[in-house]
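One file, entry.cif, is given below (mmCIF, C-alpha atoms).
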data_model
#
loop_
_atom_site.group_PDB
_atom_site.id
_atom_site.type_symbol
_atom_site.label_atom_id
_atom_site.label_comp_id
_atom_site.auth_asym_id
_atom_site.auth_seq_id
_atom_site.Cartn_x
_atom_site.Cartn_y
_atom_site.Cartn_z
ATOM 1 C CA MET A 1 133.237 -38.911 -74.903
ATOM 2 C CA THR A 2 129.908 -40.739 -75.281
ATOM 3 C CA ASP A 3 131.722 -43.506 -77.124
ATOM 4 C CA ASP A 4 134.142 -43.846 -74.226
ATOM 5 C CA ASN A 5 131.267 -43.891 -71.750
ATOM 6 C CA ASP A 6 129.524 -46.608 -73.754
ATOM 7 C CA LYS A 7 132.719 -48.646 -73.810
ATOM 8 C CA LEU A 8 133.077 -48.238 -70.068
ATOM 9 C CA GLU A 9 129.470 -49.255 -69.505
ATOM 10 C CA ARG A 10 129.927 -52.375 -71.599
ATOM 11 C CA PHE A 11 133.193 -53.119 -69.833
ATOM 12 C CA VAL A 12 131.637 -52.958 -66.365
ATOM 13 C CA SER A 13 128.519 -54.827 -67.514
ATOM 14 C CA ASP A 14 130.732 -57.621 -68.819
ATOM 15 C CA LEU A 15 132.648 -57.666 -65.547
ATOM 16 C CA ALA A 16 129.444 -57.880 -63.504
ATOM 17 C CA ARG A 17 127.985 -60.589 -65.722
ATOM 18 C CA GLY A 18 131.095 -62.711 -65.415
ATOM 19 C CA GLN A 19 131.453 -62.241 -61.701
ATOM 20 C CA PRO A 20 130.202 -65.203 -59.611
ATOM 21 C CA GLN A 21 128.473 -64.737 -56.255
ATOM 22 C CA ARG A 22 130.695 -64.238 -53.246
ATOM 23 C CA ARG A 23 130.847 -67.295 -51.035
ATOM 24 C CA ALA A 24 129.042 -66.662 -47.752
ATOM 25 C CA PRO A 25 131.168 -67.242 -44.651
ATOM 26 C CA ALA A 26 130.813 -70.708 -43.136
ATOM 27 C CA SER A 27 129.738 -69.071 -39.886
ATOM 28 C CA LEU A 28 126.617 -67.485 -41.430
ATOM 29 C CA HIS A 29 124.515 -70.646 -41.418
ATOM 30 C CA SER A 30 125.401 -71.519 -37.838
ATOM 31 C CA ARG A 31 124.785 -67.931 -36.695
ATOM 32 C CA VAL A 32 121.319 -67.880 -38.228
ATOM 33 C CA MET A 33 120.488 -71.293 -36.781
ATOM 34 C CA ALA A 34 121.734 -70.212 -33.351
ATOM 35 C CA ARG A 35 119.552 -67.102 -33.438
ATOM 36 C CA ILE A 36 116.523 -69.142 -34.469
ATOM 37 C CA ALA A 37 117.219 -71.674 -31.718
ATOM 38 C CA GLN A 38 117.578 -68.809 -29.267
ATOM 39 C CA ARG A 39 114.110 -67.615 -30.223
ATOM 40 C CA HIS A 40 112.743 -71.070 -29.592
ATOM 41 C CA THR A 41 114.273 -71.478 -26.168
ATOM 42 C CA ALA A 42 111.702 -70.937 -23.482
ATOM 43 C CA LEU A 43 111.934 -67.259 -22.759
ATOM 44 C CA PRO A 44 109.705 -66.251 -19.851
ATOM 45 C CA TRP A 45 106.429 -64.992 -21.268
ATOM 46 C CA TRP A 46 106.950 -61.482 -19.941
ATOM 47 C CA ARG A 47 110.092 -61.125 -22.066
ATOM 48 C CA ASN A 48 108.130 -61.682 -25.256
ATOM 49 C CA GLY A 49 106.027 -59.028 -26.999
ATOM 50 C CA PHE A 50 102.717 -58.059 -25.433
ATOM 51 C CA SER A 51 100.821 -59.780 -28.240
ATOM 52 C CA GLN A 52 102.488 -63.076 -27.270
ATOM 53 C CA TRP A 53 101.559 -62.864 -23.590
ATOM 54 C CA PRO A 54 98.965 -65.332 -22.263
ATOM 55 C CA LEU A 55 95.434 -63.951 -22.544
ATOM 56 C CA ALA A 56 94.958 -63.877 -18.761
ATOM 57 C CA ALA A 57 98.195 -61.918 -18.328
ATOM 58 C CA ARG A 58 97.137 -59.429 -20.984
ATOM 59 C CA VAL A 59 93.735 -58.917 -19.367
ATOM 60 C CA ALA A 60 95.344 -58.567 -15.935
ATOM 61 C CA PHE A 61 97.854 -56.075 -17.309
ATOM 62 C CA VAL A 62 95.103 -53.926 -18.818
ATOM 63 C CA LEU A 63 93.090 -54.047 -15.568
ATOM 64 C CA VAL A 64 96.127 -53.157 -13.459
ATOM 65 C CA SER A 65 96.949 -50.320 -15.870
ATOM 66 C CA PHE A 66 93.422 -48.940 -15.480
ATOM 67 C CA GLY A 67 93.838 -49.338 -11.732
ATOM 68 C CA PHE A 68 97.011 -47.235 -11.811
ATOM 69 C CA VAL A 69 95.324 -44.569 -13.919
ATOM 70 C CA LYS A 70 92.415 -44.476 -11.465
ATOM 71 C CA LEU A 71 94.848 -44.296 -8.554
ATOM 72 C CA ALA A 72 96.728 -41.423 -10.174
ATOM 73 C CA LEU A 73 93.473 -39.546 -10.834
ATOM 74 C CA SER A 74 92.366 -40.169 -7.242
ATOM 75 C CA GLY A 75 95.721 -38.811 -6.055
ATOM 76 C CA VAL A 76 95.273 -35.649 -8.100
ATOM 77 C CA MET A 77 91.741 -35.228 -6.750
ATOM 78 C CA LEU A 78 93.003 -35.792 -3.179
ATOM 79 C CA VAL A 79 95.759 -33.181 -3.539
ATOM 80 C CA SER A 80 93.375 -30.626 -4.995
ATOM 81 C CA SER A 81 90.868 -31.238 -2.159
ATOM 82 C CA LEU A 82 93.704 -30.879 0.389
ATOM 83 C CA LEU A 83 94.707 -27.585 -1.198
ATOM 84 C CA GLU A 84 91.113 -26.377 -0.884
ATOM 85 C CA SER A 85 90.938 -27.260 2.829
ATOM 86 C CA ARG A 86 94.219 -25.803 4.094
ATOM 87 C CA ASP A 87 93.030 -25.891 7.669
ATOM 88 C CA SER A 88 93.047 -29.633 7.795
ATOM 89 C CA ALA A 89 96.051 -31.635 9.015
ATOM 90 C CA GLY A 90 96.671 -32.891 5.467
ATOM 91 C CA GLY A 91 96.677 -29.293 4.221
ATOM 92 C CA ALA A 92 99.299 -28.350 6.807
ATOM 93 C CA VAL A 93 101.553 -31.196 5.674
ATOM 94 C CA LEU A 94 101.103 -30.130 2.054
ATOM 95 C CA ASN A 95 101.835 -26.498 2.898
ATOM 96 C CA GLY A 96 105.013 -27.595 4.659
ATOM 97 C CA ALA A 97 106.112 -29.562 1.607
ATOM 98 C CA VAL A 98 105.399 -26.618 -0.706
ATOM 99 C CA THR A 99 107.380 -24.305 1.573
ATOM 100 C CA ALA A 100 110.338 -26.721 1.650
ATOM 101 C CA VAL A 101 110.398 -26.960 -2.124
ATOM 102 C CA SER A 102 110.137 -23.201 -2.640
ATOM 103 C CA THR A 103 112.889 -22.584 -0.055
ATOM 104 C CA THR A 104 115.183 -25.036 -1.827
ATOM 105 C CA VAL A 105 114.494 -23.347 -5.166
ATOM 106 C CA SER A 106 115.198 -19.915 -3.629
ATOM 107 C CA ILE A 107 118.499 -21.089 -2.171
ATOM 108 C CA GLY A 108 119.523 -22.592 -5.528
ATOM 109 C CA ASP A 109 118.547 -19.377 -7.309
ATOM 110 C CA ALA A 110 120.576 -17.278 -4.832
ATOM 111 C CA ILE A 111 123.640 -19.512 -5.314
ATOM 112 C CA VAL A 112 123.397 -19.250 -9.107
ATOM 113 C CA HIS A 113 123.190 -15.449 -8.826
ATOM 114 C CA LEU A 114 126.286 -15.408 -6.627
ATOM 115 C CA ILE A 115 128.353 -17.102 -9.354
ATOM 116 C CA PRO A 116 129.677 -14.603 -11.941
ATOM 117 C CA PRO A 117 127.953 -15.126 -15.330
ATOM 118 C CA MET A 118 131.305 -15.612 -17.073
ATOM 119 C CA TRP A 119 131.950 -18.614 -14.848
ATOM 120 C CA LEU A 120 128.619 -20.109 -15.836
ATOM 121 C CA TYR A 121 129.293 -19.509 -19.552
ATOM 122 C CA GLY A 122 132.770 -20.950 -19.097
ATOM 123 C CA ALA A 123 131.394 -24.045 -17.383
ATOM 124 C CA ALA A 124 128.800 -24.518 -20.144
ATOM 125 C CA PHE A 125 131.486 -24.115 -22.821
ATOM 126 C CA PHE A 126 133.791 -26.530 -20.985
ATOM 127 C CA GLY A 127 130.972 -29.067 -20.779
ATOM 128 C CA PHE A 128 130.283 -28.696 -24.501
ATOM 129 C CA VAL A 129 133.982 -29.107 -25.371
ATOM 130 C CA LEU A 130 134.182 -32.242 -23.216
ATOM 131 C CA TYR A 131 131.060 -33.637 -24.896
ATOM 132 C CA ALA A 132 132.461 -32.945 -28.389
ATOM 133 C CA LEU A 133 135.823 -34.434 -27.407
ATOM 134 C CA LEU A 134 134.256 -37.624 -26.078
ATOM 135 C CA PHE A 135 131.993 -37.865 -29.131
ATOM 136 C CA GLY A 136 135.016 -37.456 -31.404
ATOM 137 C CA LEU A 137 137.012 -40.047 -29.479
ATOM 138 C CA GLY A 138 134.071 -42.419 -29.652
ATOM 139 C CA THR A 139 133.823 -41.901 -33.415
ATOM 140 C CA PHE A 140 137.545 -42.465 -33.877
ATOM 141 C CA ALA A 141 137.492 -45.590 -31.726
ATOM 142 C CA TYR A 142 134.447 -46.975 -33.554
ATOM 143 C CA ARG A 143 135.943 -46.355 -36.982
ATOM 144 C CA THR A 144 139.354 -47.694 -35.991
ATOM 145 C CA LEU A 145 138.394 -50.698 -33.910
ATOM 146 C CA TYR A 146 135.082 -51.760 -35.438
ATOM 147 C CA VAL A 147 134.521 -50.456 -38.969
ATOM 148 C CA GLU A 148 138.100 -50.900 -40.194
ATOM 149 C CA SER A 149 138.226 -54.422 -38.818
ATOM 150 C CA MET B 1 119.099 -71.214 -46.889
ATOM 151 C CA HIS B 2 122.064 -72.912 -48.525
ATOM 152 C CA ALA B 3 120.629 -72.135 -51.940
ATOM 153 C CA TYR B 4 120.455 -68.414 -51.332
ATOM 154 C CA GLN B 5 123.114 -67.566 -48.766
ATOM 155 C CA ASP B 6 125.808 -66.724 -51.333
ATOM 156 C CA MET B 7 123.419 -64.469 -53.241
ATOM 157 C CA VAL B 8 122.290 -62.624 -50.102
ATOM 158 C CA PHE B 9 125.831 -62.295 -48.787
ATOM 159 C CA SER B 10 127.136 -61.089 -52.165
ATOM 160 C CA THR B 11 124.508 -58.368 -52.383
ATOM 161 C CA ALA B 12 125.283 -57.096 -48.900
ATOM 162 C CA ALA B 13 129.063 -57.453 -49.233
ATOM 163 C CA ARG B 14 129.285 -55.633 -52.554
ATOM 164 C CA LEU B 15 127.075 -52.797 -51.352
ATOM 165 C CA THR B 16 128.761 -52.318 -47.984
ATOM 166 C CA GLY B 17 132.309 -53.214 -49.021
ATOM 167 C CA ASN B 18 132.640 -54.810 -45.593
ATOM 168 C CA ASP B 19 132.323 -58.562 -45.040
ATOM 169 C CA ALA B 20 131.580 -58.358 -41.303
ATOM 170 C CA GLN B 21 128.704 -55.939 -41.839
ATOM 171 C CA ALA B 22 127.505 -58.027 -44.783
ATOM 172 C CA GLU B 23 127.365 -61.131 -42.598
ATOM 173 C CA ASP B 24 125.312 -59.283 -39.981
ATOM 174 C CA ILE B 25 122.913 -58.079 -42.678
ATOM 175 C CA ALA B 26 122.675 -61.534 -44.259
ATOM 176 C CA GLN B 27 121.842 -62.970 -40.849
ATOM 177 C CA GLU B 28 119.050 -60.428 -40.421
ATOM 178 C CA VAL B 29 117.719 -61.217 -43.909
ATOM 179 C CA PHE B 30 117.455 -64.932 -43.101
ATOM 180 C CA LEU B 31 115.844 -64.239 -39.743
ATOM 181 C CA ARG B 32 113.187 -62.206 -41.560
ATOM 182 C CA ALA B 33 112.817 -65.033 -44.045
ATOM 183 C CA TYR B 34 112.288 -67.372 -41.104
ATOM 184 C CA GLU B 35 109.563 -65.098 -39.748
ATOM 185 C CA ASN B 36 107.880 -65.243 -43.178
ATOM 186 C CA PHE B 37 108.613 -68.919 -43.735
ATOM 187 C CA GLY B 38 104.979 -69.833 -44.260
ATOM 188 C CA GLN B 39 104.663 -67.333 -47.081
ATOM 189 C CA LEU B 40 108.031 -68.147 -48.686
ATOM 190 C CA ARG B 41 107.978 -71.933 -48.442
ATOM 191 C CA GLY B 42 107.701 -73.343 -51.940
ATOM 192 C CA SER B 43 107.357 -69.869 -53.430
ATOM 193 C CA GLN B 44 108.918 -69.306 -56.841
ATOM 194 C CA THR B 45 109.739 -65.744 -55.816
ATOM 195 C CA ALA B 46 111.654 -66.584 -52.642
ATOM 196 C CA GLY B 47 114.962 -65.642 -54.287
ATOM 197 C CA GLY B 48 113.613 -62.294 -55.443
ATOM 198 C CA TRP B 49 112.135 -61.638 -51.997
ATOM 199 C CA LEU B 50 115.469 -62.382 -50.338
ATOM 200 C CA LYS B 51 117.362 -60.191 -52.787
ATOM 201 C CA THR B 52 114.943 -57.302 -52.290
ATOM 202 C CA VAL B 53 115.129 -57.584 -48.507
ATOM 203 C CA ALA B 54 118.927 -57.885 -48.612
ATOM 204 C CA THR B 55 119.194 -54.763 -50.768
ATOM 205 C CA ARG B 56 116.744 -52.803 -48.623
ATOM 206 C CA LEU B 57 118.365 -53.775 -45.329
ATOM 207 C CA THR B 58 121.821 -52.968 -46.684
ATOM 208 C CA LEU B 59 120.726 -49.557 -47.928
ATOM 209 C CA ASN B 60 119.061 -48.871 -44.570
ATOM 210 C CA HIS B 61 122.253 -49.907 -42.833
ATOM 211 C CA LEU B 62 124.343 -47.661 -45.068
ATOM 212 C CA SER B 63 122.076 -44.649 -44.629
ATOM 213 C CA ARG B 64 122.115 -45.057 -40.839
ATOM 214 C CA TYR B 65 125.883 -45.371 -40.919
ATOM 215 C CA ARG B 66 126.173 -42.370 -43.255
ATOM 216 C CA ARG B 67 124.024 -40.162 -41.052
ATOM 217 C CA ARG B 68 125.906 -41.208 -37.944
ATOM 218 C CA TRP B 69 129.426 -40.598 -39.187
ATOM 219 C CA LYS B 70 129.089 -38.116 -42.009
ATOM 220 C CA PHE B 71 129.916 -35.232 -39.705
ATOM 221 C CA PHE B 72 133.341 -36.667 -38.979
ATOM 222 C CA SER B 73 134.251 -38.637 -42.043
ATOM 223 C CA GLU B 74 132.620 -37.069 -45.083
ATOM 224 C CA LEU B 75 132.768 -33.346 -44.534
ATOM 225 C CA ARG B 76 133.184 -32.634 -48.221
ATOM 226 C CA SER B 77 129.933 -31.809 -49.952
ATOM 227 C CA ASP B 78 128.417 -34.321 -52.326
ATOM 228 C CA ASP B 79 127.474 -31.383 -54.525
ATOM 229 C CA SER B 80 131.041 -31.332 -55.767
ATOM 230 C CA GLU B 81 130.212 -34.563 -57.561
ATOM 231 C CA ASP B 82 127.486 -32.893 -59.559
ATOM 232 C CA SER B 83 129.736 -30.608 -61.507
ATOM 233 C CA ASP B 84 129.738 -30.843 -65.272
ATOM 234 C CA GLU B 85 133.429 -31.583 -65.522
ATOM 235 C CA GLU B 86 134.299 -34.372 -67.877
ATOM 236 C CA ILE B 87 134.582 -37.856 -66.495
ATOM 237 C CA ALA B 88 138.110 -39.168 -66.687
ATOM 238 C CA ILE B 89 138.437 -42.259 -68.792
ATOM 239 C CA PRO B 90 141.353 -44.471 -67.785
ATOM 240 C CA ASP B 91 144.336 -44.040 -69.993
ATOM 241 C CA PRO B 92 145.079 -46.221 -71.832
ATOM 242 C CA ALA B 93 141.456 -47.146 -72.551
ATOM 243 C CA PRO B 94 140.648 -50.586 -71.057
ATOM 244 C CA GLU B 95 140.204 -52.280 -74.384
ATOM 245 C CA ALA B 96 143.725 -51.373 -75.414
ATOM 246 C CA ILE B 97 145.366 -53.392 -72.677
ATOM 247 C CA ILE B 98 146.049 -57.080 -72.919
ATOM 248 C CA SER B 99 145.870 -59.199 -69.801
ATOM 249 C CA ASN B 100 146.757 -62.752 -68.878
ATOM 250 C CA ILE B 101 145.220 -62.984 -65.420
ATOM 251 C CA ASP B 102 143.458 -66.236 -64.548
ATOM 252 C CA SER B 103 139.765 -66.291 -63.736
ATOM 253 C CA ASP B 104 139.945 -66.708 -59.935
ATOM 254 C CA GLN B 105 142.543 -64.009 -59.594
ATOM 255 C CA ARG B 106 140.532 -61.678 -61.809
ATOM 256 C CA GLN B 107 137.370 -62.225 -59.761
ATOM 257 C CA ALA B 108 139.233 -61.500 -56.535
ATOM 258 C CA LEU B 109 140.741 -58.343 -58.016
ATOM 259 C CA ILE B 110 137.322 -57.136 -59.157
ATOM 260 C CA GLU B 111 135.849 -57.636 -55.678
ATOM 261 C CA GLN B 112 138.843 -55.856 -54.175
ATOM 262 C CA ALA B 113 138.481 -52.944 -56.598
ATOM 263 C CA LEU B 114 134.765 -52.669 -55.743
ATOM 264 C CA ARG B 115 135.594 -52.601 -52.039
ATOM 265 C CA GLU B 116 138.086 -49.807 -52.599
ATOM 266 C CA LEU B 117 135.572 -47.546 -54.339
ATOM 267 C CA PRO B 118 134.111 -44.794 -52.157
ATOM 268 C CA GLU B 119 130.603 -45.569 -50.996
ATOM 269 C CA HIS B 120 128.930 -42.894 -53.137
ATOM 270 C CA HIS B 121 130.451 -44.576 -56.208
ATOM 271 C CA ARG B 122 130.216 -48.209 -55.148
ATOM 272 C CA VAL B 123 126.565 -48.283 -54.094
ATOM 273 C CA PRO B 124 124.957 -46.948 -57.301
ATOM 274 C CA LEU B 125 127.399 -48.941 -59.451
ATOM 275 C CA VAL B 126 126.597 -52.203 -57.661
ATOM 276 C CA LEU B 127 122.861 -51.505 -57.748
ATOM 277 C CA TYR B 128 122.979 -50.828 -61.500
ATOM 278 C CA HIS B 129 125.428 -53.415 -62.756
ATOM 279 C CA PHE B 130 125.199 -56.221 -60.190
ATOM 280 C CA GLU B 131 121.625 -55.897 -58.940
ATOM 281 C CA ASP B 132 120.144 -54.838 -62.309
ATOM 282 C CA MET B 133 118.270 -51.944 -60.756
ATOM 283 C CA PRO B 134 117.162 -49.196 -63.180
ATOM 284 C CA TYR B 135 118.542 -45.661 -62.795
ATOM 285 C CA ALA B 136 115.196 -44.275 -61.640
ATOM 286 C CA ASP B 137 114.848 -46.879 -58.886
ATOM 287 C CA ILE B 138 118.404 -46.227 -57.717
ATOM 288 C CA ALA B 139 117.664 -42.503 -57.544
ATOM 289 C CA THR B 140 114.541 -43.210 -55.490
ATOM 290 C CA GLN B 141 116.308 -45.665 -53.182
ATOM 291 C CA LEU B 142 119.238 -43.336 -52.561
ATOM 292 C CA GLY B 143 117.132 -40.177 -52.393
ATOM 293 C CA VAL B 144 119.158 -38.340 -55.037
ATOM 294 C CA SER B 145 118.377 -36.924 -58.464
ATOM 295 C CA LEU B 146 118.451 -39.036 -61.607
ATOM 296 C CA PRO B 147 121.272 -36.978 -63.222
ATOM 297 C CA LYS B 148 123.363 -37.390 -60.075
ATOM 298 C CA VAL B 149 122.884 -41.151 -60.127
ATOM 299 C CA LYS B 150 123.985 -41.293 -63.761
ATOM 300 C CA THR B 151 127.006 -39.103 -63.085
ATOM 301 C CA ASP B 152 127.979 -41.123 -60.022
ATOM 302 C CA ILE B 153 127.719 -44.383 -61.940
ATOM 303 C CA GLN B 154 129.787 -42.999 -64.824
ATOM 304 C CA ARG B 155 132.440 -41.824 -62.384
ATOM 305 C CA ALA B 156 132.300 -45.147 -60.568
ATOM 306 C CA ARG B 157 132.837 -47.051 -63.831
ATOM 307 C CA ALA B 158 135.822 -44.889 -64.653
ATOM 308 C CA ALA B 159 137.277 -45.294 -61.167
ATOM 309 C CA LEU B 160 136.722 -49.051 -61.242
ATOM 310 C CA ALA B 161 138.253 -49.401 -64.698
ATOM 311 C CA LYS B 162 141.237 -47.360 -63.597
ATOM 312 C CA LYS B 163 141.813 -49.565 -60.562
ATOM 313 C CA LEU B 164 141.401 -52.710 -62.646
ATOM 314 C CA ALA B 165 143.656 -51.442 -65.405
ATOM 315 C CA ARG B 166 146.409 -51.067 -62.813
ATOM 316 C CA SER B 167 145.869 -54.763 -61.965
ATOM 317 C CA GLY B 168 145.891 -55.702 -65.641
ATOM 318 C CA ILE B 169 142.172 -56.434 -66.004
ATOM 319 C CA THR B 170 140.873 -55.194 -69.298
ATOM 320 C CA VAL B 171 137.958 -55.393 -71.664
ATOM 321 C CA SER B 172 139.776 -57.934 -73.782
ATOM 322 C CA SER B 173 140.386 -60.251 -70.831
ATOM 323 C CA VAL B 174 136.760 -60.018 -69.733
ATOM 324 C CA SER B 175 135.307 -60.478 -73.206
ATOM 325 C CA ALA B 176 137.532 -63.452 -73.858
ATOM 326 C CA SER B 177 136.270 -65.374 -70.826
#
Any chance you could give the structure as structure tokens?
Amino acid sequence: MTDDNDKLERFVSDLARGQPQRRAPASLHSRVMARIAQRHTALPWWRNGFSQWPLAARVAFVLVSFGFVKLALSGVMLVSSLLESRDSAGGAVLNGAVTAVSTTVSIGDAIVHLIPPMWLYGAAFFGFVLYALLFGLGTFAYRTLYVES
Amino acid sequence: MHAYQDMVFSTAARLTGNDAQAEDIAQEVFLRAYENFGQLRGSQTAGGWLKTVATRLTLNHLSRYRRRWKFFSELRSDDSEDSDEEIAIPDPAPEAIISNIDSDQRQALIEQALRELPEHHRVPLVLYHFEDMPYADIATQLGVSLPKVKTDIQRARAALAKKLARSGITVSSVSAS
């Protein structure tokens, strides 16, 4: 058996040694050149990577980002101060918003409880079957139309 | 690029068994070479660099593809390949057959036979015999054990020889050229 394996190894080694390189398709060179040219065409600076942005734009971006963070923190502080002073007009507005949200959640919860659990399980199962079916169809289409070609 | 495009394309095409995917990979290899042009220009190792990148990108491509479609297309376990059953040697043994196929036809038949091998046979075989990669490196690259790589390559040789024997390509015809 080892003898046969050695013969096979020599056979395939000889094949590989005698096999010339495959010829690259004529389109390869032009495709590479086109992609390189595409990179050279003047893309707007904001479509390049951050490291390739102009220095002023990078500085401005960082400053604006800090500004947004500060704004978000200020917003959080404002909401918490409004919650502390519920008597104020702002507090009333906030309380109204909280009530609206909690009412909506309660209505949704009541509707879900009205639906029999088997219906919910059935709907979830149906959704899963549809997902698997579409995934399978996508796989089949990819393998048939793209990979096989 | 002209000097290396056949080499890069061959590596990708033999590993993937698919010319369209190989062209995409070769394109990506040369774009990376372009990004590293300063380092590669005039370098004696440019060919080696391109070959390494072509091999790595192709293996990445294949592993992505494998992960994505294994569930649907390769449900059988790879463990079945690890069994200790004897590897079938083509009968009659390749050396016993005489062939009169011309060189171009033989080369085309060999490429065709490689393409027809299943991926788990083709990839280690091409890495070992065409890319001169040692067994241990192949095992590392493919994330499998060394014995499995050796078994897969042995099986791949047998499968390749069997396909070629059907086309009339034999040891004698290869040795004679």
Name the residues within 12 Å of (119.1, -50.9, -41.9), counting only C-alpha atoms in the file's coordinates, and put them as an MDAnalysis selection string. chainID B and resid 12 16 21:22 24:26 28:29 53:67
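Separating atom CA of Glu9 of chain A from atom CA of Arg157 of chain B is a distance of 7.0 Å.
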Quick check: residues of chain A within 12 Å of chain B, only C-alpha atoms, returned as number ranges by chain. A: 1-39, 132, 135-140, 142-143, 146-149
Rounded to one decimal place, report the atom CA of Phe37 of chain B-atom CA of Trp49 of chain B distance in Å. 11.6 Å
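We find atom CA of Thr104 of chain A and atom CA of Phe125 of chain A to be spaced 26.6 Å apart.
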Take the PyMOL selection byres ((chain B and resi 136) around 12), apply it to the structure above, and return the hits as JSON, numbers by chain. {"B": [124, 127, 128, 132, 133, 134, 135, 137, 138, 139, 140, 141, 142, 143, 144, 145, 146, 147, 148, 149, 150]}
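Counting only C-alpha atoms, Phe61 of chain A has the following residues at most 12 Å away, ignoring those fewer than 6 positions along the same chain: Trp46, Phe50, Ser51, Trp53, Pro54, Leu55, Gly67 and Phe68 of chain A.
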Atoms to include: C-alpha atoms. Write the selected residues as an mmCIF file, in the coordinates of the input.
data_model
loop_
_atom_site.group_PDB
_atom_site.id
_atom_site.type_symbol
_atom_site.label_atom_id
_atom_site.label_comp_id
_atom_site.auth_asym_id
_atom_site.auth_seq_id
_atom_site.Cartn_x
_atom_site.Cartn_y
_atom_site.Cartn_z
ATOM 1 C CA TRP A 46 106.950 -61.482 -19.941
ATOM 2 C CA PHE A 50 102.717 -58.059 -25.433
ATOM 3 C CA SER A 51 100.821 -59.780 -28.240
ATOM 4 C CA TRP A 53 101.559 -62.864 -23.590
ATOM 5 C CA PRO A 54 98.965 -65.332 -22.263
ATOM 6 C CA LEU A 55 95.434 -63.951 -22.544
ATOM 7 C CA GLY A 67 93.838 -49.338 -11.732
ATOM 8 C CA PHE A 68 97.011 -47.235 -11.811
#
